[in-house]
Each structure stands twice: as C-alpha cells, then as structure tokens.
file work10.txt (compact mmCIF, C-alpha atoms)
# COMPACT_ATOMS: atom_id res chain seq x y z
CA MET S 1 -188.86 6.03 -8.83
CA THR S 2 -185.17 6.33 -9.68
CA THR S 3 -184.11 6.36 -13.31
CA VAL S 4 -180.62 6.43 -14.77
CA LEU S 5 -179.78 7.84 -18.19
CA GLN S 6 -176.43 6.22 -18.87
CA ASN S 7 -173.93 5.75 -21.69
CA ILE S 8 -174.33 9.37 -22.76
CA GLN S 9 -172.05 12.27 -23.69
CA LEU S 10 -172.26 15.61 -21.91
CA LEU S 11 -170.51 18.93 -22.50
CA ASN S 12 -168.06 19.93 -19.78
CA GLU S 13 -167.15 23.53 -18.89
CA GLN S 14 -164.51 23.56 -21.63
CA GLY S 15 -167.08 22.52 -24.25
CA GLU S 16 -165.63 19.03 -24.56
CA LEU S 17 -167.76 15.89 -24.76
CA ILE S 18 -167.30 13.47 -21.87
CA VAL S 19 -168.96 10.11 -21.18
CA SER S 20 -171.28 10.30 -18.19
CA SER S 21 -174.66 9.40 -16.70
CA ILE S 22 -177.55 11.20 -15.03
CA VAL S 23 -179.62 9.91 -12.12
CA ILE S 24 -183.24 11.13 -12.01
CA GLU S 25 -185.40 11.04 -8.90
CA ASP S 26 -188.90 12.52 -8.57
CA GLY S 27 -188.55 14.44 -11.84
CA LYS S 28 -185.31 16.15 -10.83
CA ILE S 29 -181.60 15.57 -11.42
CA ALA S 30 -180.31 13.67 -8.37
CA SER S 31 -176.69 13.31 -9.53
CA ILE S 32 -174.47 13.53 -12.60
CA GLY S 33 -171.65 11.10 -13.24
CA GLY S 34 -171.94 9.43 -9.83
CA ASP S 35 -172.70 5.93 -8.66
CA ILE S 36 -175.74 4.24 -10.17
CA PRO S 37 -178.27 3.23 -7.49
CA LYS S 38 -179.29 -0.40 -7.30
CA ASP S 39 -182.73 -1.26 -8.68
CA ALA S 40 -182.84 1.92 -10.76
CA GLU S 41 -184.61 1.89 -14.11
CA VAL S 42 -181.92 2.26 -16.78
CA ILE S 43 -182.27 4.15 -20.05
CA ASP S 44 -179.43 3.43 -22.47
CA GLY S 45 -178.36 6.66 -24.16
CA LYS S 46 -176.43 4.60 -26.76
CA GLY S 47 -173.49 6.97 -26.70
CA ASN S 48 -175.54 9.93 -27.87
CA PHE S 49 -175.15 13.57 -26.86
CA VAL S 50 -177.44 14.88 -24.11
CA SER S 51 -178.31 18.58 -23.97
CA PRO S 52 -180.48 20.47 -21.53
CA GLY S 53 -184.00 20.49 -22.96
CA PHE S 54 -184.38 23.36 -25.42
CA VAL S 55 -186.32 26.45 -24.33
CA ASP S 56 -188.30 28.28 -27.02
CA VAL S 57 -189.56 31.70 -25.96
CA HIS S 58 -191.52 32.34 -29.16
CA THR S 59 -194.13 29.82 -30.33
CA HIS S 60 -197.70 29.66 -31.63
CA LEU S 61 -199.87 26.73 -30.53
CA ARG S 62 -203.09 28.13 -32.11
CA GLU S 63 -205.40 26.58 -29.50
CA PRO S 64 -207.91 27.86 -28.49
CA GLY S 65 -209.59 29.20 -31.60
CA PHE S 66 -207.52 27.89 -34.47
CA GLU S 67 -207.37 24.15 -33.87
CA HIS S 68 -207.50 23.50 -37.63
CA LYS S 69 -203.91 24.85 -37.76
CA GLU S 70 -202.53 23.29 -34.54
CA THR S 71 -203.61 22.09 -31.11
CA ILE S 72 -201.76 22.15 -27.84
CA ALA S 73 -201.44 18.36 -28.16
CA THR S 74 -199.95 18.38 -31.68
CA GLY S 75 -197.85 21.49 -31.06
CA THR S 76 -196.23 20.19 -27.89
CA ALA S 77 -195.70 16.74 -29.45
CA SER S 78 -193.93 18.50 -32.32
CA ALA S 79 -191.85 20.54 -29.89
CA ALA S 80 -190.89 17.41 -27.95
CA LYS S 81 -189.80 15.73 -31.19
CA GLY S 82 -187.55 18.73 -31.80
CA GLY S 83 -185.98 18.49 -28.34
CA PHE S 84 -187.90 21.30 -26.61
CA THR S 85 -189.01 20.81 -23.02
CA THR S 86 -190.18 24.37 -22.28
CA ILE S 87 -192.01 26.63 -24.71
CA CYS S 88 -193.65 30.04 -24.28
CA ALA S 89 -196.94 30.35 -26.16
CA MET S 90 -197.84 33.65 -27.80
CA PRO S 91 -201.26 35.16 -27.07
CA ASN S 92 -202.71 35.45 -30.60
CA THR S 93 -205.38 32.84 -29.86
CA LYS S 94 -209.17 33.18 -29.69
CA PRO S 95 -209.93 34.12 -27.02
CA VAL S 96 -206.78 36.08 -26.27
CA PRO S 97 -205.31 35.61 -22.75
CA ASP S 98 -206.24 39.17 -21.83
CA SER S 99 -208.36 38.46 -18.73
CA VAL S 100 -208.35 36.17 -15.71
CA GLU S 101 -211.11 34.08 -17.26
CA ASN S 102 -209.23 33.58 -20.52
CA MET S 103 -205.90 32.87 -18.80
CA GLN S 104 -207.55 30.20 -16.70
CA LEU S 105 -209.19 28.69 -19.79
CA ILE S 106 -205.81 28.42 -21.53
CA ASN S 107 -204.08 27.07 -18.43
CA GLY S 108 -206.72 24.34 -18.26
CA LEU S 109 -206.20 23.38 -21.89
CA ILE S 110 -202.43 23.22 -21.35
CA LYS S 111 -202.85 21.04 -18.26
CA ASP S 112 -205.11 18.65 -20.18
CA SER S 113 -203.12 18.33 -23.41
CA ALA S 114 -199.47 19.40 -23.23
CA VAL S 115 -196.72 16.75 -23.22
CA ILE S 116 -194.03 19.29 -22.28
CA ARG S 117 -193.99 22.50 -20.22
CA VAL S 118 -195.99 25.38 -21.78
CA LEU S 119 -195.76 28.86 -20.30
CA PRO S 120 -198.39 31.21 -21.76
CA TYR S 121 -197.91 34.91 -22.41
CA GLY S 122 -200.51 37.41 -21.27
CA SER S 123 -201.40 40.06 -23.81
CA LEU S 124 -200.40 43.69 -23.41
CA THR S 125 -203.73 44.95 -24.73
CA LYS S 126 -207.27 43.60 -24.94
CA ASP S 127 -207.70 41.29 -27.94
CA ILE S 128 -204.15 42.34 -28.98
CA SER S 129 -205.76 45.37 -30.56
CA GLY S 130 -203.08 47.78 -29.32
CA GLU S 131 -205.73 49.94 -27.70
CA VAL S 132 -207.16 49.02 -24.27
CA ARG S 133 -204.47 48.00 -21.76
CA THR S 134 -204.81 44.71 -19.87
CA ASN S 135 -204.58 44.26 -16.10
CA MET S 136 -201.06 42.84 -15.88
CA ASP S 137 -201.21 42.21 -12.14
CA GLU S 138 -204.12 39.82 -12.60
CA LEU S 139 -202.55 38.08 -15.60
CA LYS S 140 -199.28 37.57 -13.74
CA ALA S 141 -201.14 36.14 -10.76
CA ASN S 142 -202.78 33.66 -13.13
CA GLY S 143 -199.62 32.35 -14.74
CA ALA S 144 -198.50 34.77 -17.45
CA VAL S 145 -194.78 34.20 -18.05
CA ALA S 146 -194.38 37.67 -19.64
CA PHE S 147 -196.43 40.07 -21.78
CA SER S 148 -196.69 40.48 -25.54
CA ASP S 149 -199.04 41.40 -28.38
CA ASP S 150 -196.99 39.25 -30.75
CA GLY S 151 -198.17 39.20 -34.34
CA VAL S 152 -198.68 42.94 -34.37
CA GLY S 153 -196.61 45.87 -33.21
CA ILE S 154 -198.13 48.24 -30.68
CA GLN S 155 -198.59 51.39 -32.70
CA LEU S 156 -199.27 53.94 -29.97
CA ALA S 157 -196.15 54.87 -28.00
CA SER S 158 -198.16 55.91 -24.94
CA THR S 159 -199.79 52.47 -24.71
CA MET S 160 -196.41 50.72 -24.86
CA TYR S 161 -194.89 53.16 -22.36
CA GLU S 162 -197.69 52.75 -19.82
CA GLN S 163 -197.57 48.94 -20.06
CA MET S 164 -193.79 49.02 -19.73
CA GLN S 165 -194.14 51.08 -16.56
CA GLN S 166 -196.55 48.51 -15.16
CA ALA S 167 -194.31 45.61 -16.20
CA ALA S 168 -191.35 47.28 -14.46
CA LYS S 169 -193.32 47.38 -11.21
CA LEU S 170 -194.00 43.66 -11.58
CA ASN S 171 -190.42 42.86 -12.71
CA MET S 172 -191.87 41.20 -15.81
CA VAL S 173 -190.55 41.24 -19.38
CA VAL S 174 -192.32 43.08 -22.21
CA VAL S 175 -191.86 41.09 -25.44
CA ALA S 176 -192.40 42.91 -28.72
CA HIS S 177 -193.13 42.10 -32.32
CA CYS S 178 -191.81 45.32 -33.84
CA GLU S 179 -193.61 46.60 -36.90
CA ASP S 180 -194.79 50.11 -37.72
CA ASN S 181 -198.04 49.66 -39.63
CA SER S 182 -197.59 52.94 -41.50
CA LEU S 183 -194.46 51.51 -43.15
CA ILE S 184 -195.73 48.10 -44.23
CA TYR S 185 -197.26 49.24 -47.57
CA ASP S 186 -199.15 45.94 -47.92
CA GLY S 187 -195.81 44.18 -48.37
CA VAL S 188 -195.55 40.40 -48.35
CA MET S 189 -191.75 39.94 -48.56
CA HIS S 190 -188.61 42.01 -48.07
CA GLU S 191 -188.36 45.22 -50.08
CA GLY S 192 -185.13 44.59 -51.92
CA THR S 193 -184.14 42.81 -55.11
CA ARG S 194 -186.13 39.59 -55.14
CA ASN S 195 -189.55 41.18 -54.57
CA ILE S 196 -189.03 43.29 -57.72
CA GLU S 197 -188.05 40.21 -59.72
CA LEU S 198 -191.18 38.40 -58.52
CA GLY S 199 -193.43 41.45 -58.87
CA LEU S 200 -194.54 41.34 -55.24
CA PRO S 201 -194.96 44.26 -52.78
CA GLY S 202 -192.07 44.70 -50.35
CA ILE S 203 -191.81 45.37 -46.60
CA PRO S 204 -189.11 47.99 -45.89
CA SER S 205 -186.51 47.23 -43.24
CA ILE S 206 -187.29 50.53 -41.52
CA CYS S 207 -190.71 49.11 -40.64
CA GLU S 208 -189.02 46.96 -37.95
CA SER S 209 -186.05 48.99 -36.83
CA VAL S 210 -187.91 52.26 -36.26
CA GLN S 211 -190.15 50.63 -33.67
CA ILE S 212 -187.23 48.95 -31.91
CA ALA S 213 -185.51 52.34 -31.69
CA ARG S 214 -188.68 53.83 -30.18
CA ASP S 215 -189.18 50.97 -27.75
CA VAL S 216 -185.67 50.87 -26.31
CA LEU S 217 -186.03 54.52 -25.36
CA LEU S 218 -189.44 53.83 -23.84
CA ALA S 219 -187.94 50.91 -21.92
CA GLU S 220 -185.17 53.15 -20.63
CA ALA S 221 -187.68 55.76 -19.45
CA ALA S 222 -189.94 53.13 -17.88
CA GLY S 223 -187.12 51.11 -16.33
CA ALA S 224 -188.57 48.04 -18.03
CA ARG S 225 -187.08 44.75 -19.18
CA TYR S 226 -187.67 44.62 -22.93
CA HIS S 227 -187.22 41.67 -25.31
CA VAL S 228 -187.25 42.04 -29.10
CA CYS S 229 -188.81 39.22 -31.11
CA HIS S 230 -187.24 37.79 -34.28
CA VAL S 231 -184.71 40.52 -35.18
CA SER S 232 -184.19 40.47 -38.96
CA THR S 233 -182.34 43.60 -40.16
CA LYS S 234 -178.92 45.16 -39.73
CA GLU S 235 -180.54 48.41 -38.60
CA SER S 236 -182.43 46.54 -35.87
CA VAL S 237 -179.19 44.94 -34.73
CA ARG S 238 -177.62 48.38 -34.48
CA ALA S 239 -180.53 49.69 -32.40
CA VAL S 240 -180.29 46.77 -29.96
CA ARG S 241 -176.49 47.00 -29.79
CA ASP S 242 -176.58 50.74 -29.07
CA ALA S 243 -179.29 50.25 -26.43
CA LYS S 244 -177.26 47.59 -24.65
CA ALA S 245 -174.21 49.84 -24.71
CA ALA S 246 -176.33 52.56 -23.09
CA GLY S 247 -177.29 50.22 -20.26
CA ILE S 248 -180.91 49.74 -21.31
CA ARG S 249 -182.32 46.38 -20.21
CA VAL S 250 -182.95 44.93 -23.66
CA THR S 251 -182.58 41.36 -24.95
CA ALA S 252 -183.25 39.94 -28.40
CA GLU S 253 -183.86 36.71 -30.28
CA VAL S 254 -183.21 35.52 -33.82
CA CYS S 255 -184.95 32.73 -35.75
CA PRO S 256 -183.24 29.83 -37.54
CA HIS S 257 -184.71 30.80 -40.92
CA HIS S 258 -183.25 34.31 -40.71
CA LEU S 259 -179.83 32.80 -39.98
CA LEU S 260 -180.05 30.24 -42.78
CA LEU S 261 -181.85 32.03 -45.62
CA GLU S 262 -182.02 35.39 -47.40
CA GLU S 263 -184.34 37.00 -49.95
CA MET S 264 -182.54 35.64 -53.02
CA ASP S 265 -183.17 32.08 -51.83
CA ILE S 266 -186.92 32.50 -52.44
CA PRO S 267 -187.51 30.41 -55.56
CA SER S 268 -190.91 31.71 -56.63
CA ASP S 269 -194.24 33.13 -55.43
CA ASP S 270 -194.41 30.27 -52.90
CA ALA S 271 -196.07 31.09 -49.55
CA ASN S 272 -194.00 28.48 -47.74
CA TRP S 273 -191.34 31.20 -47.88
CA LYS S 274 -193.65 33.87 -46.45
CA MET S 275 -192.93 34.83 -42.85
CA ASN S 276 -193.02 38.01 -40.77
CA PRO S 277 -190.49 39.52 -40.55
CA PRO S 278 -189.53 38.37 -44.04
CA LEU S 279 -186.24 36.91 -45.24
CA ARG S 280 -183.99 39.95 -45.64
CA ALA S 281 -180.90 40.79 -47.70
CA VAL S 282 -177.63 38.91 -47.39
CA ASP S 283 -175.98 41.76 -45.43
CA ASP S 284 -178.86 41.62 -42.95
CA LYS S 285 -178.26 37.90 -42.50
CA ASP S 286 -174.56 38.53 -41.99
CA SER S 287 -175.32 41.13 -39.32
CA LEU S 288 -177.52 38.63 -37.45
CA HIS S 289 -174.65 36.14 -37.36
CA ALA S 290 -172.27 38.76 -36.02
CA ALA S 291 -174.81 39.94 -33.44
CA LEU S 292 -175.34 36.43 -32.12
CA LEU S 293 -171.62 35.87 -31.75
CA ASP S 294 -170.93 39.21 -30.01
CA GLY S 295 -173.90 38.90 -27.61
CA THR S 296 -176.09 41.62 -29.11
CA ILE S 297 -178.64 38.91 -29.85
CA ASP S 298 -179.11 36.66 -26.84
CA CYS S 299 -180.93 33.53 -27.97
CA ILE S 300 -182.52 31.57 -30.80
CA ALA S 301 -186.32 31.10 -30.99
CA THR S 302 -188.29 29.29 -33.67
CA ASP S 303 -191.43 31.46 -34.08
CA HIS S 304 -193.14 28.14 -34.89
CA ALA S 305 -196.27 29.27 -36.78
CA PRO S 306 -198.33 26.49 -38.38
CA HIS S 307 -200.98 27.09 -41.04
CA THR S 308 -203.02 24.70 -43.14
CA VAL S 309 -201.93 23.53 -46.57
CA GLU S 310 -204.98 25.23 -48.07
CA GLU S 311 -204.03 28.58 -46.52
CA LYS S 312 -200.49 28.35 -47.89
CA CYS S 313 -201.42 27.26 -51.41
CA CYS S 314 -202.64 30.62 -52.66
CA GLY S 315 -199.44 32.60 -53.25
CA MET S 316 -197.60 35.23 -51.24
CA VAL S 317 -200.23 37.99 -51.46
CA ARG S 318 -203.14 35.97 -50.09
CA ALA S 319 -201.47 33.47 -47.75
CA PRO S 320 -200.86 34.18 -44.03
CA PHE S 321 -197.37 34.83 -42.70
CA GLY S 322 -195.43 32.12 -40.84
CA ILE S 323 -193.58 28.82 -41.06
CA VAL S 324 -193.15 25.85 -38.71
CA GLY S 325 -189.86 25.31 -36.90
CA PHE S 326 -189.90 22.97 -33.90
CA GLU S 327 -188.80 19.77 -35.62
CA THR S 328 -186.02 21.16 -37.80
CA ALA S 329 -184.37 23.88 -35.69
CA PHE S 330 -181.54 21.97 -34.05
CA PRO S 331 -180.54 19.70 -36.98
CA LEU S 332 -180.46 22.61 -39.44
CA LEU S 333 -178.43 24.85 -37.15
CA TYR S 334 -176.10 22.04 -36.08
CA THR S 335 -175.44 20.96 -39.65
CA ASN S 336 -174.90 24.41 -41.12
CA PHE S 337 -173.02 26.10 -38.29
CA VAL S 338 -171.50 23.57 -35.87
CA GLU S 339 -170.52 20.95 -38.43
CA THR S 340 -168.98 23.69 -40.55
CA GLY S 341 -166.94 25.05 -37.62
CA LYS S 342 -168.63 28.46 -37.47
CA TRP S 343 -170.08 27.80 -34.00
CA THR S 344 -169.26 25.40 -31.23
CA LEU S 345 -171.78 22.88 -29.97
CA LYS S 346 -171.70 24.64 -26.59
CA GLN S 347 -172.65 27.96 -28.21
CA LEU S 348 -175.63 26.40 -29.96
CA VAL S 349 -176.81 24.72 -26.74
CA ASP S 350 -176.43 27.99 -24.84
CA TRP S 351 -178.50 29.91 -27.39
CA MET S 352 -181.26 27.28 -27.51
CA SER S 353 -181.42 26.43 -23.80
CA VAL S 354 -179.40 28.43 -21.28
CA LYS S 355 -179.73 32.01 -22.53
CA ALA S 356 -183.38 31.64 -23.46
CA ALA S 357 -184.24 30.54 -19.91
CA GLN S 358 -182.12 33.25 -18.31
CA ILE S 359 -183.94 36.09 -20.11
CA PHE S 360 -187.18 35.17 -18.34
CA ASP S 361 -185.62 34.00 -15.06
CA LEU S 362 -186.78 30.46 -15.78
CA PRO S 363 -185.21 27.65 -13.71
CA TYR S 364 -184.82 25.46 -16.82
CA GLY S 365 -182.35 24.94 -19.63
CA THR S 366 -179.64 23.65 -17.32
CA LEU S 367 -178.07 20.36 -16.28
CA GLU S 368 -177.50 20.83 -12.56
CA VAL S 369 -178.21 18.68 -9.56
CA GLY S 370 -181.60 19.68 -8.19
CA ALA S 371 -182.84 21.09 -11.51
CA SER S 372 -185.83 19.71 -13.37
CA ALA S 373 -184.89 16.58 -15.32
CA ASP S 374 -185.34 18.12 -18.78
CA PHE S 375 -183.11 16.61 -21.48
CA VAL S 376 -182.88 15.96 -25.15
CA VAL S 377 -180.88 12.97 -26.39
CA ILE S 378 -179.41 13.70 -29.82
CA ASP S 379 -177.74 11.42 -32.35
CA LEU S 380 -175.20 13.87 -33.76
CA ASN S 381 -174.27 11.41 -36.53
CA LYS S 382 -177.78 10.69 -37.72
CA GLU S 383 -178.40 12.20 -41.15
CA GLN S 384 -181.80 12.41 -42.77
CA THR S 385 -183.85 14.51 -45.16
CA VAL S 386 -186.42 17.01 -43.91
CA ASP S 387 -189.81 15.59 -44.89
CA ALA S 388 -192.70 17.92 -44.15
CA GLU S 389 -195.20 15.11 -44.66
CA GLY S 390 -193.66 13.31 -41.71
CA PHE S 391 -193.99 16.23 -39.28
CA VAL S 392 -195.90 15.77 -36.03
CA THR S 393 -197.14 19.36 -36.19
CA LYS S 394 -200.25 19.91 -38.30
CA GLY S 395 -198.29 22.49 -40.28
CA ARG S 396 -196.43 21.54 -43.46
CA ASN S 397 -195.35 25.12 -44.16
CA THR S 398 -191.57 25.07 -44.30
CA PRO S 399 -189.01 26.27 -46.85
CA PHE S 400 -186.64 23.51 -45.69
CA ASN S 401 -188.48 20.53 -47.13
CA GLY S 402 -185.92 18.29 -48.83
CA TRP S 403 -182.90 19.68 -46.99
CA VAL S 404 -180.47 17.10 -45.60
CA ALA S 405 -179.32 17.61 -42.00
CA LYS S 406 -177.50 15.80 -39.19
CA GLY S 407 -178.03 15.81 -35.44
CA TRP S 408 -181.59 14.62 -34.88
CA PRO S 409 -183.21 14.25 -31.44
CA VAL S 410 -184.03 10.63 -30.62
CA MET S 411 -185.52 11.11 -27.14
CA THR S 412 -186.85 14.02 -25.11
CA ILE S 413 -187.38 13.83 -21.35
CA CYS S 414 -189.37 16.48 -19.47
CA GLU S 415 -189.55 16.44 -15.66
CA GLY S 416 -188.18 12.90 -15.77
CA ASN S 417 -190.86 11.60 -18.15
CA ILE S 418 -190.28 10.57 -21.75
CA ALA S 419 -192.14 13.11 -23.92
CA TYR S 420 -190.77 11.83 -27.23
CA GLN S 421 -188.91 8.71 -28.28
CA GLU S 422 -187.89 7.79 -31.78
CA ALA S 423 -189.44 4.55 -33.00
CA GLU S 424 -187.03 1.63 -33.02
call {"tool": "encode", "arguments": {"input": "work10.txt", "output": "structure tokens"}}
result
Amino acid sequence: MTTVLQNIQLLNEQGELIVSSIVIEDGKIASIGGDIPKDAEVIDGKGNFVSPGFVDVHTHLREPGFEHKETIATGTASAAKGGFTTICAMPNTKPVPDSVENMQLINGLIKDSAVIRVLPYGSLTKDISGEVRTNMDELKANGAVAFSDDGVGIQLASTMYEQMQQAAKLNMVVVAHCEDNSLIYDGVMHEGTRNIELGLPGIPSICESVQIARDVLLAEAAGARYHVCHVSTKESVRAVRDAKAAGIRVTAEVCPHHLLLEEMDIPSDDANWKMNPPLRAVDDKDSLHAALLDGTIDCIATDHAPHTVEEKCCGMVRAPFGIVGFETAFPLLYTNFVETGKWTLKQLVDWMSVKAAQIFDLPYGTLEVGASADFVVIDLNKEQTVDAEGFVTKGRNTPFNGWVAKGWPVMTICEGNIAYQEAE
C-alpha cells in the first residue's frame, strides 16, 4: 500500500515552512517532496503543518492496576489526539515491571490495546520500593526502554550507584524522579509565598536539587547515562548545568506546566493544581526557560498523570499529585511561546520530537526517508478553548481548563496508520 500525504507544510533546515508532500510505503517514509506514484491513496493535508510525531519520555498509563484512572487504550488515544506517536510509560503500575513475568504481561497489554507506540520502562528496584535491585539484564531483554522508579526518589545512594553501574554496562539510561524524602515535610505545594497564603504545607526546593547533585556525581563515578525527570527549580538547573560542563553524561526534561505556571497562579486549595514537583517561584520558572534555550534542559515531557474526579475533589492535602497533559501540550506551548516570538516553531518541534528521541537512541522523531512514518498534522491557525470534559483521557485534572490556545493537531499517523483524526 502506497499513501501520499500531500498539500502540507514542512520545516526546512532554515526553519522555514515549505509546501511539500510525503510518500508512505509499508509504514515508512518512501520519499519527501518527490513525484507522487500513480494509484496511491491520497490524504489531503489541507495546507496544514506536519511535524514528526511527538515523543514523550515521561507518561503514566496506569494500566495494569489502576484502570479506573486510565487504560492503555484511553491513554494512547489521548496521546494520539495530542500528536504523540511514541510514549515511554513509567513503571508505577500494579504489578510493577520489575520481573520478566511482569514485563511480558505489560508488553501483552500494550500489544492488545495501544493505538501508538508505547515503550515501557523497567523499574530500578522491586515494587519501586527503593530497596531490592531488579535484574536489569532480564528487563532489557524483555523490552525495557530504560530504567526508572519514577514517582519516588531512590533514597539510598548505594542502591542508585549499583544500578547505575549495571545500566552503564548495558548502555541504558537511568531516569530519575529526584526527591529526598527527609526534606518533603508532608508538603503538598511549593514552599514559598502562596503556600503560606493558603495555609498549606510546602515542599522545599532543596528536596529536588540535593538529590540531583548526588546523582550526577554517582553517574560520573559509575560512567552511567543519567536523565533527570521534570526539573522544576533554579538550583536543579544549576546542578545539571554544572554536571554537563564537567562532562558527566546527564540529560534533563521540563514539563509544560512548569514553563507556563508558577506558584502565585494557584487560585485556591484546588487539587487540579497539585503536581509533583509542584509549581515553583517565578524565578524558578525563568531559570527553566533559560535552561531550555541554552541546552541545559534537553527536551519537553508531559508527565501525563491522570486521576479520577473523585480523587481530585478533596483539596490539596488529601488528593494525589499529578495532572494530565497529552492533549494540551503542543497548543499551549505553541500559543504562549512560538506565537509570542519567544521560541521558533523548529525549536518547539526539536524539544518535543527530535531531542526526546535522541536521549534514548530511539529511531523516531524525525522526517527522513526510511524512517517510520510517524507524523502529526497541525492546524496552526485553529483556535479553541481547552475543555477538560472533552478530553479523550479519563483524567479531567488540569489547571488549563478554559484557556484559549491555537495550533491543534487534526491528524496523527503512526507507522503509516491513522491513529487520530479530527471529526469533520
């Protein structure tokens, strides 16, 4: 089967939009901008922009174990609606992918239900408890894309160091949620100004940055590739920047909500604004912007984390951490940073597709002949209001409900197949 995606706009090397077409054969890109084969199936791109499919290295699909929050089917449908064609699923499921048996169970569920590519993490420790180390050789052999105990920081330095040594032997990436439990103090939002105004316990910034500082030195000693999840503070940025300058193999991600919001935006004791790490101070947000632009932070990841409405209706203290992000990431970032001239469209595409894939040596996030036919077709002029009730994900937990944004995906193609198409 030969398919042609025509009447589209692509970015050239100079970051300019040019009219072009893409020929797809057997799920791969056969040619770009060349002759259109006779008898090919034609998809009219209607003059819209086509980006490489987005790659999200930090997501939570909840299945198995928490299907009341999300399933692989609803999570991947949501990701496809947001333009993602490859996502990496964190291991805080039940069971945890900490054994061959559990990895195979999760791989089977993905094969049965996913509408886009899902690459599961293996856990660093059994049941992500931070205690008993997993057999990383076996997990890699059974499809683990990398290793993480995301959701909790590994408290014991020796455990992290020994797993980093093993990961280095396997040339695999260790991915870390950085949080020192002794410095959390039962906090539910950033320890700053707004938590005092709302009378809620705060999470100090040092809670995150102290563990990053520890881990980059462990990574240096182990010779490991180390990736920091959802960087949120200026001190964390400094630790990553210094580590890179020292030649340590560290990469880092930032989430859209940490780029768009800060603590003073939180309107009330509303758990739809509760995420971990929390929204920080305005100077932290500014440091994240600078770090993204100077290459200290490498990519953007959503940390899509759905919860039920009931779980999020009980205030900051009782509700779980996390917000959803698949369906709003690109329009919010495009509207607030590209449309305003702070970023170029090419930069945003690089951070959401190219760089994310490169960190994990993934052959995706690129528009090249021979590559997998993974695209997102985006109407850059389409403007609409974020409506949580209209989400495909089961989660409604977002602080962006009611925001107006432009640049909405209208079609997502993964391996040459349409994974999402906007209703006519």
call {"tool": "atom_distance", "arguments": {"input": "work10.txt", "atom1": "atom CA of S:Pro363", "atom2": "atom CA of S:Thr86"}}
result
10.4 Å
call {"tool": "closest_atom_pairs", "arguments": {"input": "work10.txt", "of": "stretch 363-420 of chain S", "to": "stretch 43-63 of chain S", "cutoff": "10 Å", "atoms": "all atoms listed in the file", "output": "CSV"}}
result
residue,atom,partner,partner_atom,distance
S:Tyr364,CA,S:Val55,CA,7.7
S:Gly365,CA,S:Pro52,CA,5.2
S:Thr366,CA,S:Pro52,CA,5.3
S:Leu367,CA,S:Pro52,CA,5.8
S:Glu368,CA,S:Pro52,CA,9.5
S:Ser372,CA,S:Pro52,CA,9.8
S:Ala373,CA,S:Pro52,CA,8.6
S:Asp374,CA,S:Gly53,CA,5.0
S:Phe375,CA,S:Gly53,CA,4.2
S:Val376,CA,S:Gly53,CA,5.2
S:Val377,CA,S:Val50,CA,4.5
S:Ile378,CA,S:Phe49,CA,5.2
S:Asp379,CA,S:Asn48,CA,5.2
S:Leu380,CA,S:Phe49,CA,6.9
S:Asn381,CA,S:Asn48,CA,8.9
S:Thr393,CA,S:Leu61,CA,9.7
S:Gly407,CA,S:Phe49,CA,9.3
S:Pro409,CA,S:Phe49,CA,9.3
S:Val410,CA,S:Asn48,CA,9.0
S:Met411,CA,S:Gly45,CA,8.9
S:Thr412,CA,S:Gly53,CA,7.4
S:Ile413,CA,S:Gly53,CA,7.6
S:Cys414,CA,S:Gly53,CA,7.6
call {"tool": "closest_atom_pairs", "arguments": {"input": "work10.txt", "of": "stretch 209-302 of chain S", "to": "stretch 163-186 of chain S", "cutoff": "10 Å", "atoms": "all atoms listed in the file", "output": "Markdown table"}}
result
| residue | atom | partner | partner_atom | distance |
| --- | --- | --- | --- | --- |
| S:Ser209 | CA | S:Cys178 | CA | 7.5 |
| S:Val210 | CA | S:Asp180 | CA | 7.4 |
| S:Gln211 | CA | S:Cys178 | CA | 5.6 |
| S:Ile212 | CA | S:Cys178 | CA | 6.2 |
| S:Ala213 | CA | S:Cys178 | CA | 9.7 |
| S:Arg214 | CA | S:Cys178 | CA | 9.8 |
| S:Asp215 | CA | S:Cys178 | CA | 8.7 |
| S:Leu218 | CA | S:Met164 | CA | 7.7 |
| S:Ala219 | CA | S:Met164 | CA | 6.5 |
| S:Glu220 | CA | S:Met164 | CA | 9.6 |
| S:Ala221 | CA | S:Gln165 | CA | 8.5 |
| S:Ala222 | CA | S:Gln165 | CA | 4.9 |
| S:Gly223 | CA | S:Ala168 | CA | 6.0 |
| S:Ala224 | CA | S:Ala168 | CA | 4.6 |
| S:Arg225 | CA | S:Val173 | CA | 4.9 |
| S:Tyr226 | CA | S:Val174 | CA | 5.0 |
| S:His227 | CA | S:Val175 | CA | 4.7 |
| S:Val228 | CA | S:Ala176 | CA | 5.2 |
| S:Cys229 | CA | S:His177 | CA | 5.3 |
| S:His230 | CA | S:His177 | CA | 7.6 |
| S:Val231 | CA | S:Cys178 | CA | 8.7 |
| S:Ser236 | CA | S:Cys178 | CA | 9.7 |
| S:Arg249 | CA | S:Val173 | CA | 9.7 |
| S:Val250 | CA | S:Val173 | CA | 9.5 |
| S:Thr251 | CA | S:Val175 | CA | 9.3 |
| S:Ala252 | CA | S:Val175 | CA | 9.2 |
| S:Asn276 | CA | S:His177 | CA | 9.4 |
| S:Pro277 | CA | S:Glu179 | CA | 8.6 |
call {"tool": "atom_distance", "arguments": {"input": "work10.txt", "atom1": "atom CA of S:Glu253", "atom2": "atom CA of S:Val324"}}
result
16.6 Å
call {"tool": "atom_distance", "arguments": {"input": "work10.txt", "atom1": "atom CA of S:Lys382", "atom2": "atom CA of S:Val404"}}
result
10.5 Å
call {"tool": "closest_residue", "arguments": {"input": "work10.txt", "among": "S:Thr134, S:Gln347, S:Gln14, S:Ser21", "to": "S:Met160", "atoms": "only C-alpha atoms"}}
result
S:Thr134
call {"tool": "closest_residue", "arguments": {"input": "work10.txt", "among": "S:Val188, S:Leu124, S:Ala305, S:Val100", "to": "S:Phe66", "atoms": "only C-alpha atoms"}}
result
S:Ala305
call {"tool": "closest_residue", "arguments": {"input": "work10.txt", "among": "S:Lys111, S:Lys274, S:His190, S:Arg117", "to": "S:Cys88", "atoms": "all atoms listed in the file"}}
result
S:Arg117
call {"tool": "axis_aligned_box", "arguments": {"input": "work10.txt", "around": "stretch 75-82 of chain S", "padding_each_side": "6 Å", "output": "AutoDock Vina command-line options"}}
result
--center_x -192.7 --center_y 18.6 --center_z -30.1 --size_x 22.3 --size_y 17.8 --size_z 16.4
